[in-house]
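A.B. asks: protein20.cif is reproduced in full below (mmCIF, C-alpha atoms).
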```
data_structure
loop_
_atom_site.label_atom_id
_atom_site.label_comp_id
_atom_site.auth_asym_id
_atom_site.auth_seq_id
_atom_site.Cartn_x
_atom_site.Cartn_y
_atom_site.Cartn_z
CA MET W 847 29.77 14.57 -19.67
CA PRO W 848 28.20 14.02 -16.21
CA VAL W 849 25.18 16.07 -15.20
CA SER W 850 26.27 19.05 -13.13
CA LEU W 851 25.70 18.80 -9.39
CA ASP W 852 27.10 22.26 -8.69
CA SER W 853 24.21 23.20 -6.43
CA PHE W 854 25.37 20.55 -3.95
CA GLY W 855 29.01 21.60 -3.74
CA GLU W 856 32.07 19.34 -3.77
CA SER W 857 33.23 16.09 -2.14
CA LEU W 858 29.71 14.67 -2.13
CA ARG W 859 28.63 11.63 -0.13
CA VAL W 860 25.80 9.93 -2.03
CA VAL W 861 23.55 6.93 -1.34
CA VAL W 862 21.74 4.91 -4.00
CA VAL W 863 19.29 2.29 -2.72
CA GLY W 864 18.27 -0.34 -5.27
CA ALA W 865 21.71 -0.28 -6.87
CA THR W 866 21.21 -3.47 -8.91
CA GLY W 867 17.90 -2.43 -10.50
CA GLY W 868 17.56 -0.78 -13.90
CA VAL W 869 17.46 2.86 -12.80
CA GLY W 870 19.50 2.25 -9.65
CA ARG W 871 22.42 0.67 -11.49
CA ALA W 872 22.36 3.48 -14.06
CA LEU W 873 22.47 6.04 -11.23
CA VAL W 874 25.48 4.24 -9.77
CA GLU W 875 27.25 4.29 -13.13
CA HIS W 876 26.63 8.04 -13.51
CA LEU W 877 27.63 8.92 -9.97
CA ARG W 878 30.72 6.76 -9.55
CA VAL W 879 32.50 8.62 -12.34
CA HIS W 880 31.18 12.03 -11.31
CA PRO W 881 34.04 14.35 -10.31
CA GLN W 882 32.01 15.92 -7.49
CA VAL W 883 31.16 12.59 -5.84
CA GLN W 884 33.69 11.51 -3.23
CA THR W 885 31.91 8.47 -1.76
CA LEU W 886 29.04 6.44 -3.16
CA PHE W 887 27.14 3.97 -1.00
CA ALA W 888 25.41 1.43 -3.27
CA LEU W 889 22.72 -0.49 -1.37
CA SER W 890 20.85 -3.50 -2.74
CA ARG W 891 19.52 -6.88 -1.65
CA ARG W 892 22.49 -8.55 -3.35
CA PRO W 893 25.62 -6.40 -2.99
CA LEU W 894 26.68 -4.85 -6.27
CA ALA W 895 29.75 -6.55 -7.75
CA LEU W 896 31.80 -3.50 -8.61
CA GLN W 897 35.48 -2.88 -8.00
CA ASP W 898 35.74 0.86 -7.44
CA PRO W 899 37.48 2.53 -4.48
CA LYS W 900 34.86 5.27 -4.53
CA VAL W 901 31.97 2.80 -4.15
CA MET W 902 30.96 0.95 -1.00
CA ALA W 903 28.50 -1.84 -1.87
CA LEU W 904 26.23 -2.82 1.02
CA SER W 905 23.49 -5.40 1.40
CA VAL W 906 20.04 -4.29 2.53
CA ASP W 907 16.53 -5.69 2.64
CA ILE W 908 14.31 -2.62 2.74
CA THR W 909 11.39 -4.66 4.11
CA GLU W 910 13.39 -5.37 7.29
CA GLU W 911 14.19 -2.42 9.54
CA THR W 912 17.08 -4.23 11.23
CA SER W 913 18.68 -4.69 7.80
CA ILE W 914 18.32 -0.97 7.06
CA GLN W 915 19.82 -0.10 10.46
CA ALA W 916 22.79 -2.39 9.82
CA ALA W 917 23.43 -0.92 6.37
CA VAL W 918 23.35 2.65 7.71
CA GLU W 919 25.71 1.69 10.54
CA ASN W 920 28.08 0.11 8.01
CA MET W 921 28.38 3.45 6.23
CA GLY W 922 30.54 4.40 9.18
CA GLY W 923 31.13 7.61 11.03
CA GLU W 924 28.92 10.62 11.42
CA ALA W 925 29.87 12.39 8.18
CA PRO W 926 26.70 13.87 6.65
CA LEU W 927 25.09 12.77 3.40
CA ASP W 928 24.47 15.11 0.47
CA LEU W 929 22.14 13.05 -1.70
CA VAL W 930 20.03 9.93 -1.10
CA LEU W 931 18.23 8.32 -4.04
CA VAL W 932 15.83 5.45 -3.36
CA ALA W 933 15.40 3.56 -6.64
CA THR W 934 13.42 0.58 -5.42
CA GLY W 935 9.96 -0.63 -6.35
CA ILE W 936 7.80 -3.56 -7.42
CA LEU W 937 4.98 -3.80 -9.94
CA HIS W 938 5.07 -7.53 -10.65
CA ASP W 939 7.29 -10.53 -9.95
CA GLY W 940 7.10 -12.18 -13.34
CA GLY W 941 4.77 -14.79 -11.88
CA GLU W 942 1.61 -14.64 -9.80
CA LEU W 943 2.09 -11.05 -8.65
CA GLN W 944 0.66 -8.88 -11.39
CA PRO W 945 -1.04 -5.45 -11.43
CA GLU W 946 -4.75 -5.88 -10.80
CA LYS W 947 -7.18 -4.91 -13.54
CA ARG W 948 -10.27 -5.04 -11.29
CA LEU W 949 -11.29 -5.29 -7.66
CA ALA W 950 -11.98 -9.00 -8.07
CA ASP W 951 -8.23 -9.50 -8.62
CA LEU W 952 -7.24 -8.16 -5.20
CA ASP W 953 -5.26 -10.49 -2.96
CA MET W 954 -4.38 -9.09 0.46
CA GLN W 955 -1.09 -10.95 0.81
CA LYS W 956 0.14 -9.63 -2.54
CA PHE W 957 -1.30 -6.18 -1.77
CA ALA W 958 0.66 -6.09 1.49
CA HIS W 959 3.88 -7.17 -0.25
CA VAL W 960 3.61 -4.35 -2.79
CA PHE W 961 3.11 -1.86 0.05
CA ALA W 962 6.05 -3.35 1.95
CA VAL W 963 8.38 -2.68 -0.98
CA ASN W 964 6.91 0.52 -2.43
CA THR W 965 5.82 2.35 0.72
CA PHE W 966 7.03 0.87 4.00
CA GLY W 967 10.60 0.31 2.77
CA PRO W 968 11.18 3.88 1.57
CA ALA W 969 9.50 5.19 4.75
CA LEU W 970 11.94 3.23 6.92
CA LEU W 971 14.85 4.37 4.78
CA ALA W 972 13.69 7.94 5.35
CA LYS W 973 13.51 7.27 9.10
CA HIS W 974 17.16 6.24 9.23
CA LEU W 975 18.71 8.35 6.48
CA LEU W 976 17.00 11.73 6.73
CA PRO W 977 18.72 12.48 10.06
CA ARG W 978 22.04 11.88 8.28
CA LEU W 979 21.51 14.64 5.70
CA ARG W 980 23.88 17.58 5.99
CA ARG W 981 22.49 20.81 7.41
CA ASP W 982 25.03 23.40 6.32
CA ARG W 983 24.17 23.34 2.60
CA LYS W 984 21.78 21.73 0.12
CA ALA W 985 20.89 18.07 0.62
CA VAL W 986 18.22 15.97 -1.10
CA PHE W 987 16.36 12.77 -0.29
CA GLY W 988 14.56 11.54 -3.42
CA ALA W 989 12.51 8.38 -3.83
CA LEU W 990 11.20 6.92 -7.08
CA SER W 991 7.45 7.28 -7.22
CA ALA W 992 5.26 7.08 -10.33
CA ARG W 993 2.82 9.24 -12.24
CA VAL W 994 0.17 6.53 -11.75
CA GLY W 995 0.43 7.22 -8.02
CA SER W 996 -1.14 10.63 -8.59
CA ILE W 997 -4.76 10.61 -7.42
CA ALA W 998 -5.54 13.71 -9.48
CA ASP W 999 -4.08 12.12 -12.62
CA ASN W 1000 -5.83 8.74 -12.32
CA ARG W 1001 -8.11 8.44 -15.35
CA LEU W 1002 -7.67 4.80 -16.35
CA GLY W 1003 -8.13 2.92 -13.07
CA GLY W 1004 -6.70 -0.52 -12.41
CA TRP W 1005 -3.30 -1.36 -10.89
CA TYR W 1006 -4.80 -1.04 -7.41
CA SER W 1007 -1.86 -2.05 -5.23
CA TYR W 1008 0.81 -0.28 -7.29
CA ARG W 1009 -1.17 2.97 -7.60
CA SER W 1010 -2.14 2.92 -3.94
CA SER W 1011 1.35 2.13 -2.69
CA LYS W 1012 2.88 4.95 -4.73
CA ALA W 1013 0.16 7.38 -3.62
CA ALA W 1014 0.91 6.39 -0.04
CA LEU W 1015 4.63 6.88 -0.69
CA ASN W 1016 3.89 10.39 -1.94
CA MET W 1017 2.09 11.12 1.33
CA VAL W 1018 5.01 9.72 3.35
CA LEU W 1019 7.41 12.01 1.47
CA ARG W 1020 5.14 15.02 1.85
CA THR W 1021 4.70 14.42 5.56
CA ALA W 1022 8.41 13.79 6.10
CA SER W 1023 9.23 17.03 4.28
CA ILE W 1024 7.19 18.99 6.82
CA GLU W 1025 8.98 17.35 9.75
CA VAL W 1026 12.43 17.75 8.20
CA LYS W 1027 11.89 21.44 7.47
CA ARG W 1028 11.62 22.13 11.22
CA ARG W 1029 15.21 21.03 11.86
CA ASN W 1030 16.97 21.15 8.48
CA LYS W 1031 16.26 24.30 6.49
CA THR W 1032 18.50 23.37 3.53
CA ALA W 1033 17.15 19.86 2.83
CA ALA W 1034 14.57 18.76 0.27
CA VAL W 1035 12.49 15.59 0.31
CA VAL W 1036 10.99 14.83 -3.09
CA GLY W 1037 9.26 12.15 -5.15
CA LEU W 1038 10.74 11.37 -8.57
CA HIS W 1039 8.98 9.91 -11.60
CA PRO W 1040 11.53 8.47 -14.08
CA GLY W 1041 9.08 7.95 -16.92
CA THR W 1042 8.62 4.52 -18.49
CA VAL W 1043 12.04 2.90 -18.34
CA ASP W 1044 13.13 -0.10 -20.38
CA SER W 1045 13.64 -2.38 -17.39
CA GLY W 1046 12.29 -5.57 -15.89
CA LEU W 1047 9.60 -3.62 -14.04
CA SER W 1048 7.99 -2.27 -17.22
CA GLU W 1049 8.91 -5.01 -19.71
CA PRO W 1050 5.50 -6.80 -19.81
CA PHE W 1051 3.70 -3.48 -20.38
CA GLN W 1052 5.83 -1.79 -23.03
CA SER W 1053 3.76 -2.67 -26.11
CA SER W 1054 1.51 0.39 -25.74
CA VAL W 1055 4.36 2.80 -24.97
CA PRO W 1056 5.49 5.02 -27.91
CA GLU W 1057 9.12 4.41 -28.80
CA HIS W 1058 10.14 7.96 -27.90
CA LYS W 1059 8.53 7.58 -24.46
CA LEU W 1060 10.42 4.40 -23.53
CA PHE W 1061 13.63 5.55 -21.88
CA THR W 1062 16.87 3.71 -21.38
CA PRO W 1063 17.92 3.42 -17.73
CA ALA W 1064 20.94 5.62 -18.48
CA TYR W 1065 18.76 8.40 -19.90
CA ALA W 1066 16.30 8.17 -17.00
CA ALA W 1067 19.14 8.36 -14.48
CA GLU W 1068 20.61 11.38 -16.23
CA ARG W 1069 17.27 13.18 -16.23
CA LEU W 1070 16.62 12.42 -12.55
CA LEU W 1071 20.01 13.80 -11.58
CA ALA W 1072 19.20 16.94 -13.59
CA VAL W 1073 15.97 17.25 -11.58
CA VAL W 1074 17.63 16.93 -8.17
CA GLU W 1075 20.21 19.47 -9.29
CA GLN W 1076 17.39 21.97 -9.85
CA VAL W 1077 15.30 21.37 -6.72
CA SER W 1078 15.78 23.46 -3.60
CA ALA W 1079 14.48 23.41 -0.04
CA GLU W 1080 11.44 25.37 -1.28
CA ASP W 1081 10.50 22.35 -3.42
CA SER W 1082 10.52 19.92 -0.51
CA GLY W 1083 7.43 17.74 -0.40
CA LYS W 1084 6.77 17.92 -4.14
CA HIS W 1085 6.72 15.19 -6.78
CA PHE W 1086 8.64 15.77 -10.02
CA ALA W 1087 8.72 13.98 -13.36
CA TRP W 1088 11.90 13.24 -15.30
CA ASP W 1089 11.47 16.48 -17.27
CA GLY W 1090 11.27 18.64 -14.15
CA GLN W 1091 7.51 19.14 -14.31
CA GLU W 1092 5.67 18.93 -11.00
CA ILE W 1093 3.12 16.09 -10.77
CA PRO W 1094 -0.01 16.75 -8.68
CA TYR W 1095 -0.72 14.47 -5.76
#
```
Please express what this file holds, its structure, as structure tokens.

C.D. replies:
Amino acid sequence: MPVSLDSFGESLRVVVVGATGGVGRALVEHLRVHPQVQTLFALSRRPLALQDPKVMALSVDITEETSIQAAVENMGGEAPLDLVLVATGILHDGGELQPEKRLADLDMQKFAHVFAVNTFGPALLAKHLLPRLRRDRKAVFGALSARVGSIADNRLGGWYSYRSSKAALNMVLRTASIEVKRRNKTAAVVGLHPGTVDSGLSEPFQSSVPEHKLFTPAYAAERLLAVVEQVSAEDSGKHFAWDGQEIPY
């Protein structure tokens, strides 16, 4: 049975960015069969191959603002959005781009690419999508962050570009939440930590993860939807884990 989205109301217009990734595709699968969702915009670099009248699959490169603008324009009309979930991110590319273990491993070109995907992309998505959130009832903009992006929780070190880009994303979300509150009293802007998900992003690093802490994409998506169902405008600017617990910045 789908996770309740009663706090949002009915006939929801929802956006999922990163619709072909592990968590993103699972979110699409949950939401496209949800009785409260009327329209689902599924954005990804390669348009999702899915025949469903409820789903509009759109192409977007989140590192290019013109691509984001085009995707938003292709959503059509001025109808407001109820829920935006940004499920994009990069930790490695399966090749030369790997999380750094020490300062000597830093490469500025790779560092910049990680920031382009993990920080700049979601920031530009916020720029173009936050003004589209509805203002007459609850609306949420949530972006996937990570517990390792918490400065207060950093006890192991390493993973310089990934940690830094997610910490910067948290600051973008926090800052955006302050701006949004001035003109949209019912909206919430939050960071979301899905836990360690069995996906391509985490695959090379799963050996040290306890079996009960390695989540399927479907379970992670379900838990994240349960979190956004619980958040309110008073929670805007915060960062929540999959179990609803707030993560310190």

A.B. asks: Find, counting only C-alpha atoms, the residue in W:Arg980, W:Lys947, W:Lys1027, W:Lys1084 that gets nearest to Leu1015 in chain W.

C.D. replies: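 So, comparing all the options, the nearest one is W:Lys1084.
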
A.B. asks: Step by step, work through what the PyMOL selection byres ((chain W and resi 906-913) around 8) selects in the shown file, and finish by giving those residues as a list in words.

C.D. replies: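 Taken over the shown coordinates, the PyMOL selection byres ((chain W and resi 906-913) around 8) returns Leu889, Ser890, Arg891, Arg892, Leu904, Ser905, Ile914, Gln915, Ala916, Ala917, Ala962, Val963, Phe966, Gly967, Pro968, Leu970 and Leu971 of chain W.
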
A.B. asks: Figure out the distance between CA of Leu1038 in chain W and CA of Arg993 in chain W, please, to one decimal in Å.

C.D. replies: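 CA of Leu1038 in chain W lies 9.0 Å from CA of Arg993 in chain W.
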
A.B. asks: Once the PyMOL selection byres ((chain W and resi 925-934) around 7) has been evaluated on this model, what residues remain selected, and can you format them as a PyMOL selection string?

C.D. replies: chain W and resi 858-864+869-870+923-924+935+968+978-980+985-990

A.B. asks: What would the selection look like, as a list in words, if the PyMOL selection byres ((chain W and resi 887) around 6) were run on the coordinates I just shared?

C.D. replies: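 Selected by the PyMOL selection byres ((chain W and resi 887) around 6) here: Val861, Leu886, Ala888, Val901 and Met902 of chain W.
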
A.B. asks: Please measure the separation of CA of Leu851 in chain W and CA of Ala1072 in chain W, giving the value in Å to one decimal.

C.D. replies: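 Computing it gives 8.0 Å between the two atoms.
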
A.B. asks: Between CA of Phe1061 in chain W and CA of Ala872 in chain W, measure the distance and give it in Å to one decimal.

C.D. replies: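 It comes out at 11.9 Å.
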
A.B. asks: What lies within 6 Å of range 1006-1008 of chain W using all atoms listed in the file, ignoring chain neighbours under 3 positions off, as a count of residues only?

C.D. replies: 3

A.B. asks: Measuring atom to atom with all atoms listed in the file, identify which of W:Gly1004, W:Gly941, W:Gly995, W:Gly1041 is nearest to Tyr1095 in chain W.

C.D. replies: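 Of the candidates, the smallest distance to Tyr1095 in chain W is held by W:Gly995.
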
A.B. asks: Nearest to Gly1090 in chain W: which of W:Gln1076, W:Ser850, W:Asn920, W:Gln955 is it, counting all atoms listed in the file?

C.D. replies: W:Gln1076

A.B. asks: Select, from W:Ile997, W:Ala1034, W:Arg948, W:Glu1068, the residue with the minimum atom-to-atom distance to Ala972 in chain W, counting all atoms listed in the file.

C.D. replies: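 The shortest atom-to-atom distance to Ala972 in chain W comes from W:Ala1034.
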
A.B. asks: Starting from the structure just given, write a file holding range 847-868 of chain W with N, CA and C atoms, as a compact mmCIF listing (two decimals), in the first residue's frame.

C.D. replies:
```
# COMPACT_ATOMS: atom_id res chain seq x y z
N MET W 847 0.85 -1.19 0.00
CA MET W 847 0.00 0.00 0.00
C MET W 847 0.89 1.24 0.00
N PRO W 848 0.60 2.24 -0.89
CA PRO W 848 1.45 3.43 -0.96
C PRO W 848 1.50 4.19 0.35
N VAL W 849 2.63 4.85 0.60
CA VAL W 849 2.77 5.71 1.76
C VAL W 849 1.76 6.85 1.65
N SER W 850 1.10 7.15 2.75
CA SER W 850 0.12 8.23 2.74
C SER W 850 0.80 9.57 2.47
N LEU W 851 0.14 10.36 1.63
CA LEU W 851 0.56 11.74 1.40
C LEU W 851 -0.59 12.70 1.74
N ASP W 852 -1.35 12.32 2.75
CA ASP W 852 -2.55 13.07 3.11
C ASP W 852 -2.27 14.52 3.47
N SER W 853 -1.08 14.78 4.02
CA SER W 853 -0.78 16.15 4.44
C SER W 853 -0.64 17.09 3.25
N PHE W 854 -0.50 16.54 2.05
CA PHE W 854 -0.37 17.36 0.85
C PHE W 854 -1.73 17.66 0.20
N GLY W 855 -2.70 16.80 0.42
CA GLY W 855 -3.98 16.97 -0.24
C GLY W 855 -4.14 16.01 -1.41
N GLU W 856 -4.96 16.39 -2.39
CA GLU W 856 -5.26 15.52 -3.52
C GLU W 856 -4.77 16.14 -4.83
N SER W 857 -4.84 15.33 -5.89
CA SER W 857 -4.49 15.78 -7.25
C SER W 857 -3.10 16.42 -7.28
N LEU W 858 -2.12 15.70 -6.76
CA LEU W 858 -0.78 16.24 -6.59
C LEU W 858 0.00 16.27 -7.90
N ARG W 859 0.77 17.33 -8.06
CA ARG W 859 1.73 17.46 -9.17
C ARG W 859 3.12 17.33 -8.57
N VAL W 860 3.84 16.29 -8.98
CA VAL W 860 5.10 15.91 -8.35
C VAL W 860 6.22 15.87 -9.39
N VAL W 861 7.42 16.27 -8.96
CA VAL W 861 8.60 16.21 -9.81
C VAL W 861 9.65 15.31 -9.14
N VAL W 862 10.21 14.39 -9.91
CA VAL W 862 11.35 13.61 -9.46
C VAL W 862 12.49 13.86 -10.43
N VAL W 863 13.60 14.39 -9.93
CA VAL W 863 14.79 14.63 -10.76
C VAL W 863 15.80 13.52 -10.45
N GLY W 864 16.35 12.92 -11.49
CA GLY W 864 17.21 11.75 -11.31
C GLY W 864 16.38 10.48 -11.39
N ALA W 865 15.41 10.48 -12.32
CA ALA W 865 14.39 9.43 -12.38
C ALA W 865 14.91 8.08 -12.84
N THR W 866 16.13 8.02 -13.38
CA THR W 866 16.67 6.73 -13.82
C THR W 866 17.68 6.16 -12.83
N GLY W 867 17.99 6.89 -11.77
CA GLY W 867 18.91 6.39 -10.75
C GLY W 867 18.22 5.41 -9.83
N GLY W 868 18.98 4.84 -8.90
CA GLY W 868 18.42 3.83 -8.00
C GLY W 868 17.26 4.35 -7.18
```
